[in-house]
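So this block is data_1.tsv, TSV, C-alpha atoms and all ligand atoms:
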chain	number	residue	atom	x	y	z
A	1	MET	CA	78.41	82.04	62.39
A	2	ASN	CA	75.09	80.25	62.86
A	3	ALA	CA	71.91	81.78	61.39
A	4	PHE	CA	69.99	83.95	63.85
A	5	GLU	CA	66.95	86.17	64.00
A	6	TYR	CA	67.75	89.88	64.43
A	7	ARG	CA	65.50	92.22	66.40
A	8	ALA	CA	66.03	95.96	66.93
A	9	PRO	CA	63.48	97.24	69.47
A	10	ARG	CA	63.15	101.01	69.90
A	11	GLY	CA	62.17	101.06	73.57
A	12	LEU	CA	63.29	99.40	76.78
A	13	ASP	CA	59.94	97.72	77.46
A	14	GLU	CA	59.90	96.33	73.93
A	15	ALA	CA	63.48	95.03	74.37
A	16	LEU	CA	62.52	93.32	77.63
A	17	ALA	CA	59.45	91.79	75.95
A	18	VAL	CA	61.56	90.39	73.07
A	19	LEU	CA	63.99	88.91	75.61
A	20	ARG	CA	61.07	87.29	77.45
A	21	GLU	CA	59.60	85.95	74.22
A	22	HIS	CA	62.85	84.26	73.13
A	23	GLY	CA	64.12	83.14	76.56
A	24	GLU	CA	67.50	81.41	76.55
A	25	GLU	CA	67.76	81.66	72.75
A	26	ALA	CA	68.09	85.44	72.92
A	27	ARG	CA	71.26	87.45	73.41
A	28	VAL	CA	71.54	91.21	73.71
A	29	VAL	CA	74.05	93.02	71.49
A	30	ALA	CA	75.23	96.61	72.05
A	31	GLY	CA	78.59	97.49	70.42
A	32	GLY	CA	79.15	93.89	69.35
A	33	THR	CA	82.91	94.11	69.94
A	34	ALA	CA	82.91	91.14	72.31
A	35	LEU	CA	79.77	89.26	71.31
A	36	VAL	CA	80.47	89.05	67.58
A	37	THR	CA	83.95	87.64	68.30
A	38	MET	CA	82.43	85.06	70.65
A	39	MET	CA	79.89	84.12	67.96
A	40	ARG	CA	82.61	83.78	65.33
A	41	GLN	CA	84.51	81.49	67.69
A	42	HIS	CA	81.29	79.48	68.30
A	43	LEU	CA	81.53	80.18	72.02
A	44	VAL	CA	77.91	81.35	71.91
A	45	ARG	CA	75.22	80.53	69.34
A	46	PRO	CA	72.20	82.75	69.99
A	47	GLY	CA	69.06	82.01	68.00
A	48	CYS	CA	67.98	85.65	68.32
A	49	LEU	CA	70.12	88.78	68.60
A	50	VAL	CA	68.41	91.70	70.30
A	51	SER	CA	70.19	94.91	69.34
A	52	LEU	CA	70.02	97.74	71.85
A	53	ARG	CA	71.37	100.37	69.47
A	54	ASP	CA	67.93	101.86	68.66
A	55	VAL	CA	66.61	101.78	72.22
A	56	GLN	CA	65.86	105.36	73.17
A	57	GLY	CA	67.15	107.05	76.30
A	58	LEU	CA	70.13	104.82	77.10
A	59	ASN	CA	72.84	107.00	75.57
A	60	ARG	CA	72.86	110.03	77.85
A	61	ILE	CA	75.57	111.35	80.13
A	62	GLU	CA	73.97	113.45	82.88
A	63	ALA	CA	75.02	115.21	86.06
A	64	THR	CA	72.72	114.19	88.91
A	65	ASN	CA	72.91	114.89	92.64
A	66	GLY	CA	76.67	114.68	93.30
A	67	ALA	CA	77.19	112.05	90.63
A	68	LEU	CA	77.44	111.39	86.92
A	69	ARG	CA	75.01	108.97	85.32
A	70	LEU	CA	76.09	107.28	82.12
A	71	GLY	CA	73.52	105.34	80.10
A	72	ALA	CA	74.35	101.78	79.07
A	73	LEU	CA	74.67	102.73	75.39
A	74	VAL	CA	77.21	105.49	75.94
A	75	THR	CA	80.27	104.41	73.99
A	76	HIS	CA	83.78	104.38	75.38
A	77	ARG	CA	84.68	107.18	72.98
A	78	GLU	CA	81.71	109.32	74.09
A	79	ALA	CA	82.75	108.90	77.72
A	80	GLU	CA	86.36	109.70	76.85
A	81	VAL	CA	85.58	112.99	75.08
A	82	SER	CA	82.52	114.11	77.08
A	83	PRO	CA	83.17	117.63	78.51
A	84	LEU	CA	81.10	116.68	81.55
A	85	VAL	CA	83.15	113.56	82.31
A	86	ARG	CA	86.44	115.36	81.59
A	87	GLU	CA	85.56	118.19	83.91
A	88	ARG	CA	83.94	116.29	86.80
A	89	LEU	CA	85.74	112.92	86.70
A	90	PRO	CA	88.87	113.27	84.57
A	91	VAL	CA	90.18	109.91	85.83
A	92	LEU	CA	87.19	108.21	84.20
A	93	ALA	CA	87.70	109.98	80.86
A	94	GLU	CA	91.37	108.99	81.01
A	95	THR	CA	90.44	105.36	81.72
A	96	PHE	CA	88.21	105.18	78.65
A	97	ARG	CA	90.98	106.80	76.60
A	98	ARG	CA	93.27	103.89	77.47
A	99	VAL	CA	90.92	101.22	76.05
A	100	ALA	CA	92.13	99.47	72.88
A	101	THR	CA	91.98	101.59	69.70
A	102	VAL	CA	89.72	104.46	68.76
A	103	ARG	CA	87.79	102.15	66.39
A	104	ILE	CA	86.91	99.82	69.25
A	105	ARG	CA	86.11	102.76	71.55
A	106	HIS	CA	83.63	104.10	69.00
A	107	MET	CA	81.69	100.81	69.16
A	108	ALA	CA	82.10	99.40	72.68
A	109	THR	CA	79.50	100.55	75.21
A	110	ILE	CA	79.54	100.92	78.97
A	111	GLY	CA	76.69	98.45	79.41
A	112	GLY	CA	78.54	95.95	77.24
A	113	ALA	CA	81.77	96.40	79.21
A	114	LEU	CA	79.97	95.71	82.49
A	115	ALA	CA	77.82	92.81	81.30
A	116	HIS	CA	80.74	91.14	79.51
A	117	ALA	CA	82.63	91.03	82.85
A	118	ASP	CA	86.02	90.29	81.36
A	119	PRO	CA	88.42	90.99	84.27
A	120	ASN	CA	90.98	92.40	81.81
A	121	GLN	CA	88.82	95.40	80.94
A	122	ASP	CA	89.76	98.89	82.10
A	123	PRO	CA	86.57	100.89	82.84
A	124	PRO	CA	85.30	98.50	85.55
A	125	VAL	CA	88.51	99.07	87.54
A	126	THR	CA	88.09	102.84	87.82
A	127	LEU	CA	84.32	102.53	88.26
A	128	LEU	CA	84.90	100.12	91.17
A	129	ALA	CA	87.36	102.50	92.86
A	130	LEU	CA	84.91	105.37	92.41
A	131	GLY	CA	82.10	103.43	94.10
A	132	ALA	CA	79.84	103.23	91.03
A	133	ARG	CA	76.40	101.61	91.11
A	134	VAL	CA	74.83	99.64	88.26
A	135	GLU	CA	71.20	100.19	87.27
A	136	ILE	CA	69.40	97.07	86.06
A	137	ARG	CA	65.97	96.57	84.44
A	138	GLY	CA	64.13	93.30	84.06
A	139	ALA	CA	60.62	91.93	83.82
A	140	ARG	CA	60.26	92.36	87.59
A	141	GLY	CA	61.28	96.01	87.57
A	142	HIS	CA	64.29	98.13	88.43
A	143	ARG	CA	67.13	97.39	90.84
A	144	GLU	CA	70.53	98.84	91.61
A	145	LEU	CA	73.74	97.18	92.76
A	146	PRO	CA	77.15	98.45	93.87
A	147	LEU	CA	79.66	97.40	91.23
A	148	GLY	CA	81.48	95.26	93.81
A	149	GLU	CA	78.38	93.06	94.06
A	150	PHE	CA	77.68	93.05	90.33
A	151	PHE	CA	80.81	91.11	89.31
A	152	ARG	CA	80.43	87.55	90.58
A	153	ASP	CA	83.13	85.50	88.86
A	154	TYR	CA	85.10	85.10	85.64
A	155	TYR	CA	82.82	86.57	82.92
A	156	GLU	CA	79.92	86.23	85.37
A	157	THR	CA	77.66	88.95	86.75
A	158	ALA	CA	74.62	89.27	88.99
A	159	LEU	CA	72.37	89.80	85.93
A	160	GLU	CA	69.41	87.40	85.90
A	161	PRO	CA	68.13	86.01	82.57
A	162	GLY	CA	66.19	88.71	80.72
A	163	GLU	CA	67.76	91.59	82.68
A	164	LEU	CA	69.57	94.53	81.12
A	165	VAL	CA	72.12	97.01	82.38
A	166	THR	CA	70.55	100.43	81.78
A	167	ALA	CA	73.06	102.85	83.36
A	168	VAL	CA	75.90	103.32	85.78
A	169	THR	CA	75.94	106.07	88.40
A	170	VAL	CA	79.33	107.34	89.52
A	171	PRO	CA	79.71	109.54	92.62
A	172	LEU	CA	81.96	112.58	92.24
A	173	LEU	CA	85.13	112.70	94.33
A	174	PRO	CA	85.00	114.24	97.82
A	175	VAL	CA	86.95	117.51	98.30
A	176	ALA	CA	90.75	117.23	98.68
A	177	SER	CA	90.79	114.04	96.60
A	178	GLY	CA	93.01	112.90	93.77
A	179	ALA	CA	92.52	109.92	91.49
A	180	THR	CA	94.74	108.03	89.05
A	181	PHE	CA	94.32	105.16	86.60
A	182	LEU	CA	97.47	103.34	85.53
A	183	LYS	CA	97.55	100.65	82.89
A	184	PHE	CA	100.72	98.60	82.65
A	185	LEU	CA	101.04	97.15	79.17
A	186	PRO	CA	104.54	96.16	78.23
A	187	ARG	CA	103.54	94.80	74.78
A	188	THR	CA	101.56	97.23	72.61
A	189	ALA	CA	99.65	100.41	73.46
A	190	ASP	CA	96.29	98.93	72.34
A	191	ASP	CA	96.60	95.70	74.35
A	192	TYR	CA	94.62	94.64	77.39
A	193	ALA	CA	96.45	95.47	80.63
A	194	THR	CA	98.99	93.17	82.23
A	195	VAL	CA	97.98	94.97	85.42
A	196	ALA	CA	95.61	97.94	85.81
A	197	VAL	CA	95.26	100.03	88.96
A	198	ALA	CA	92.89	102.82	89.94
A	199	ALA	CA	93.70	104.70	93.14
A	200	ILE	CA	91.85	107.48	94.94
A	201	VAL	CA	93.31	109.38	97.88
A	202	THR	CA	91.35	111.83	100.02
A	203	LEU	CA	93.35	114.05	102.40
A	204	GLU	CA	92.57	115.44	105.83
A	205	PRO	CA	92.13	119.24	106.08
A	206	ASP	CA	95.86	119.53	107.01
A	207	GLY	CA	96.58	118.56	103.39
A	208	GLU	CA	99.19	116.01	104.49
A	209	ARG	CA	97.57	113.02	106.15
A	210	CYS	CA	95.37	110.55	104.31
A	211	ARG	CA	91.71	110.42	105.31
A	212	GLU	CA	90.65	107.61	102.98
A	213	ALA	CA	92.12	105.61	100.11
A	214	ARG	CA	90.51	103.34	97.58
A	215	ILE	CA	92.39	100.94	95.36
A	216	ALA	CA	90.94	98.80	92.56
A	217	LEU	CA	92.81	96.30	90.42
A	218	GLY	CA	92.24	94.81	86.97
A	219	SER	CA	93.69	91.79	85.10
A	220	VAL	CA	94.87	90.14	88.32
A	221	GLY	CA	91.88	88.05	89.40
A	222	MET	CA	88.61	86.49	88.26
A	223	THR	CA	86.88	89.87	88.65
A	224	PRO	CA	88.08	93.44	89.19
A	225	LEU	CA	89.25	93.54	92.82
A	226	ARG	CA	89.52	96.02	95.69
A	227	GLY	CA	92.85	96.22	97.51
A	228	ARG	CA	91.22	96.53	100.93
A	229	VAL	CA	94.15	95.38	103.07
A	230	ALA	CA	96.36	98.02	101.45
A	231	GLU	CA	93.60	100.64	101.75
A	232	ALA	CA	93.41	100.04	105.51
A	233	LEU	CA	97.09	100.96	105.96
A	234	LEU	CA	96.65	104.51	104.71
A	235	PRO	CA	94.19	106.54	106.85
A	236	GLY	CA	96.02	108.88	109.24
A	237	GLN	CA	99.37	108.39	107.48
A	238	ARG	CA	101.64	110.84	105.68
A	239	LEU	CA	103.02	110.02	102.25
A	240	SER	CA	106.36	108.22	102.45
A	241	GLU	CA	108.33	105.72	100.45
A	242	SER	CA	107.92	103.08	103.18
A	243	LEU	CA	104.13	103.57	103.25
A	244	LEU	CA	103.90	103.11	99.48
A	245	GLN	CA	106.03	100.00	99.72
A	246	ALA	CA	103.89	98.58	102.52
A	247	ALA	CA	100.73	99.21	100.48
A	248	GLY	CA	102.32	97.56	97.44
A	249	GLU	CA	103.31	94.52	99.50
A	250	ALA	CA	99.86	94.26	101.08
A	251	VAL	CA	98.10	94.30	97.75
A	252	LYS	CA	100.10	91.36	96.45
A	253	GLY	CA	98.23	89.09	98.84
A	254	ALA	CA	94.88	90.20	97.45
A	255	VAL	CA	95.47	89.23	93.84
A	256	ASP	CA	95.25	85.89	92.05
A	257	PRO	CA	96.44	86.46	88.49
A	258	LEU	CA	96.51	83.89	85.70
A	259	SER	CA	99.73	83.16	83.82
A	260	ASP	CA	99.29	84.00	80.14
A	261	HIS	CA	101.06	85.66	77.20
A	262	ARG	CA	100.98	88.98	79.12
A	263	GLY	CA	103.16	87.57	81.91
A	264	SER	CA	103.43	84.86	84.53
A	265	ALA	CA	101.25	85.01	87.63
A	266	ALA	CA	104.36	85.80	89.73
A	267	TYR	CA	105.34	88.68	87.44
A	268	LYS	CA	101.83	90.15	87.48
A	269	ARG	CA	101.70	89.90	91.29
A	270	GLU	CA	105.04	91.69	91.57
A	271	MET	CA	103.99	94.40	89.10
A	272	THR	CA	100.72	94.91	90.96
A	273	GLY	CA	102.73	95.99	94.01
A	274	VAL	CA	104.84	98.37	91.94
A	275	MET	CA	101.85	99.89	90.13
A	276	VAL	CA	99.87	100.36	93.34
A	277	GLY	CA	102.77	102.33	94.84
A	278	ARG	CA	102.97	104.53	91.74
A	279	ALA	CA	99.20	105.04	91.51
A	280	LEU	CA	98.91	106.00	95.18
A	281	SER	CA	101.80	108.44	94.91
A	282	GLN	CA	100.21	110.14	91.87
A	283	ALA	CA	96.74	110.21	93.42
A	284	TRP	CA	98.22	111.71	96.61
A	285	GLU	CA	99.97	114.48	94.65
A	286	ALA	CA	96.74	115.17	92.74
A	287	ALA	CA	94.85	115.38	96.05
A	288	ARG	CA	97.32	117.98	97.32
A	289	GLY	CA	96.72	119.98	94.16
A	290	ALA	CA	92.93	119.68	94.52
A	291	ARG	CA	92.79	121.50	97.88
B	1	LIG	C1	90.59	93.80	69.92
B	1	LIG	C2	89.89	94.31	71.16
B	1	LIG	C3	90.66	94.89	72.16
B	1	LIG	C4	90.05	95.39	73.31
B	1	LIG	N1	90.84	95.94	74.28
B	1	LIG	C5	90.25	96.39	75.41
B	1	LIG	C6	91.04	96.96	76.46
B	1	LIG	O1	92.25	97.08	76.38
B	1	LIG	N2	90.39	97.39	77.57
B	1	LIG	C7	89.04	97.31	77.71
B	1	LIG	O2	88.52	97.73	78.73
B	1	LIG	N3	88.27	96.80	76.71
B	1	LIG	C8	88.84	96.35	75.58
B	1	LIG	N4	88.06	95.87	74.58
B	1	LIG	C9	86.59	95.98	74.69
B	1	LIG	C10	85.97	94.95	75.60
B	1	LIG	O3	86.71	93.77	75.66
B	1	LIG	C11	84.56	94.57	75.16
B	1	LIG	O4	84.62	94.09	73.83
B	1	LIG	C12	83.58	95.72	75.20
B	1	LIG	O5	83.66	96.44	76.39
B	1	LIG	C13	82.15	95.16	75.07
B	1	LIG	O6	81.25	96.22	74.82
B	1	LIG	P1	80.15	96.08	73.66
B	1	LIG	O7	79.21	97.22	73.81
B	1	LIG	O8	80.81	95.93	72.34
B	1	LIG	O9	79.44	94.73	74.08
B	1	LIG	P2	78.81	93.57	73.18
B	1	LIG	O10	79.88	92.85	72.44
B	1	LIG	O11	77.66	94.08	72.39
B	1	LIG	O12	78.24	92.63	74.33
B	1	LIG	C14	79.10	92.01	75.28
B	1	LIG	C15	78.28	91.17	76.25
B	1	LIG	O13	77.46	92.02	77.05
B	1	LIG	C16	76.06	91.76	76.86
B	1	LIG	N5	75.43	93.09	76.88
B	1	LIG	C17	75.76	94.16	76.11
B	1	LIG	N6	75.07	95.25	76.52
B	1	LIG	C18	74.28	94.86	77.55
B	1	LIG	C19	73.35	95.53	78.40
B	1	LIG	N7	73.10	96.83	78.30
B	1	LIG	N8	72.72	94.78	79.35
B	1	LIG	C20	72.99	93.46	79.51
B	1	LIG	N9	73.85	92.78	78.73
B	1	LIG	C21	74.50	93.48	77.77
B	1	LIG	C22	75.98	90.99	75.55
B	1	LIG	O14	74.87	90.14	75.51
B	1	LIG	C23	77.29	90.22	75.57
B	1	LIG	O15	77.17	89.09	76.41
B	1	LIG	C24	88.64	95.33	73.44
B	1	LIG	C25	87.86	94.74	72.43
B	1	LIG	C26	88.47	94.23	71.31
B	1	LIG	C27	87.61	93.61	70.25

Just give me the structure of the file as structure tokens.
Ligand SMILES: Cc1cc2nc3c(=O)[nH]c(=O)nc-3n(C[C@H](O)[C@H](O)[C@H](O)COP(=O)(O)OP(=O)(O)OC[C@H]3O[C@@H](n4cnc5c(N)ncnc54)[C@H](O)[C@@H]3O)c2cc1C
Amino acid sequence: MNAFEYRAPRGLDEALAVLREHGEEARVVAGGTALVTMMRQHLVRPGCLVSLRDVQGLNRIEATNGALRLGALVTHREAEVSPLVRERLPVLAETFRRVATVRIRHMATIGGALAHADPNQDPPVTLLALGARVEIRGARGHRELPLGEFFRDYYETALEPGELVTAVTVPLLPVASGATFLKFLPRTADDYATVAVAAIVTLEPDGERCREARIALGSVGMTPLRGRVAEALLPGQRLSESLLQAAGEAVKGAVDPLSDHRGSAAYKREMTGVMVGRALSQAWEAARGAR
């Protein structure tokens, strides 16, 4: 690794000031699970590392008005075991549980997972399906973006130079809703997904017909994706094998996977259809149970 200056500000304003002072030379580090690897591989060579670990106030998990707010420094493990997350959004706790190994989950942070924007990551998929919003702070103040607008391209986000992710706000599910996260990993249990799917189904008061469905997909495009064409098939419908198949077929047209050691693009596209059918079926059953 190249030599670098190391700064550990204790407050957000101080962190933003250090970033301003060092400009393009500076790089933020949170858990370091992605950045340190990239530095070792000489993919990035920051002259100054700005650690967020001592910045106060970014590590809380709070219930706010119909939502959960998770600070950028909350680790994957903290989100996985948080009683609040487990009770209010069990699908999110389950998603964090499926990330890598417990050692990685103890280090990796939510802010890091979002800013890194690797489309193979798991939490962004469920957060996208849930309609999460990202809170951002920079020299010019505070702004918020829906997650769908935050991810721009392969490892690319809407963050401007000198901006930080400070939190993510996740709405709770409407009544009569069920949610599922499925991670298909045919190799080892701690691998990145070959295909990941999060599905949410909300039922009409009759408990049979779908009112709304949301589908998000990971590892099958340049960013996490919504399966909007498949989502549009579901409102007003009852659960059936043919409906699940139609949704699975529709979603195949929305994905653009890369061929790699986790499977060919054709295989991933095919498996996306299968996993969407399974995820919708499970979310539907959970929604029936939630009434
Ligand atoms: C072996 C291994 C396996 C993994 N498997 C999986 C997996 O299966 N599924 C999965 O979802 N994840 C997995 N991960 C974790 C994931 O790939 C990232 O490493 C992790 O989410 C990054 O979080 P971090 O806090 O460590 O970020 P860091 O490494 O500290 O930073 C990552 C990037 O984000 C920037 N950054 C960090 N925090 C902020 C912030 N608050 N504001 C703005 N920019 C910020 C940094 O400058 C850097 O560019 C794995 C990691 C490893 C090492």

- Message: How would you report the residues lying within 7 Å of ligand LIG 1 (chain B), as number ranges by chain, if you count all atoms listed in the file?
- Response: A: 27-36, 72-73, 98-100, 104, 107-113, 115-116, 118, 120-123, 163-166, 190-193

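Around Val134 (chain A), within 6 Å and counting only C-alpha atoms, the residues found are A:Glu144, A:Leu145, A:Val168, once anything fewer than 2 positions away on its own chain is removed.
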
- Message: Need to verify the contact set: Ala176 (chain A), 8 Å, all atoms listed in the file, exclusion of same-chain residues closer than 6 positions in sequence. Can you return it as JSON, numbers by chain?
- Response: {"A": [202, 203, 204, 205, 207, 287, 288, 289, 290, 291]}

- Item | Nearest to Pro83 (chain A), chosen from A:Gly227, A:Ala63, A:Pro171, A:Arg7, with all atoms listed in the file counted in the distances | A:Ala63

- Ser242 (chain A) environment, 12 Å, only C-alpha atoms, sequence neighbours closer than 6 positions dropped, as a list in words: Leu233, Leu234, Gly248, Glu249, Gly277 and Ser281 of chain A

Got time to write the residues from that selection, C-alpha atoms, as an mmCIF file, keeping the file's coordinate frame?
data_model
loop_
_atom_site.group_PDB
_atom_site.id
_atom_site.type_symbol
_atom_site.label_atom_id
_atom_site.label_comp_id
_atom_site.auth_asym_id
_atom_site.auth_seq_id
_atom_site.Cartn_x
_atom_site.Cartn_y
_atom_site.Cartn_z
ATOM 1 C CA LEU A 233 97.090 100.960 105.960
ATOM 2 C CA LEU A 234 96.650 104.510 104.710
ATOM 3 C CA GLY A 248 102.320 97.560 97.440
ATOM 4 C CA GLU A 249 103.310 94.520 99.500
ATOM 5 C CA GLY A 277 102.770 102.330 94.840
ATOM 6 C CA SER A 281 101.800 108.440 94.910
#

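Computed from the coordinates, the CA of Arg97 (chain A) to CA of Arg77 (chain A) distance equals 7.3 Å.
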
- Message: Please determine, counting all atoms listed in the file, which residue among A:Thr37, A:Thr169, A:Asn2, A:Thr157 has the shortest atom-to-atom distance to Gly71 (chain A).
- Response: A:Thr169

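Each of A:Cys210, A:Ala167, A:Gly273, A:Ala279 was compared to Val91 (chain A) using all atoms listed in the file, and A:Ala279 turns out to be the nearest.
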
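Nearest to Thr194 (chain A) of all the residues A:Ala213, A:Ala232, A:Val175, A:Met275 is A:Met275, based on only C-alpha atoms.
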
- Task: Take CA of Arg214 (chain A) and CA of Ala199 (chain A) and report the distance between them in Å, one decimal.
- Result: 5.6 Å

- Taking into account all atoms listed in the file, which residue in the set A:Lys252, A:Arg228, A:Arg10, A:His106 is nearest to Ser51 (chain A)? A:Arg10

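Between CA of Phe96 (chain A) and CA of Phe184 (chain A) lies a distance of 14.7 Å.
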
- Long-range neighbours of Pro46 (chain A) as a list in words, 7 Å cut-off, all atoms listed in the file, 6 positions minimum in chain: Phe4, Glu25, Ala26 and Arg27 of chain A

- Task: Fewer than 6 positions away in the same chain doesn't count, so skip those; otherwise give me all residues within 7 Å of Ala198 (chain A), counting all atoms listed in the file, as a PyMOL selection string.
- Result: chain A and resi 125-126+129+180-182+215-217+279

- Rank nothing, just name the residue among A:Ser177, A:Ala79, A:Met1, A:Glu285 nearest to Arg40 (chain A), using all atoms listed in the file. A:Met1
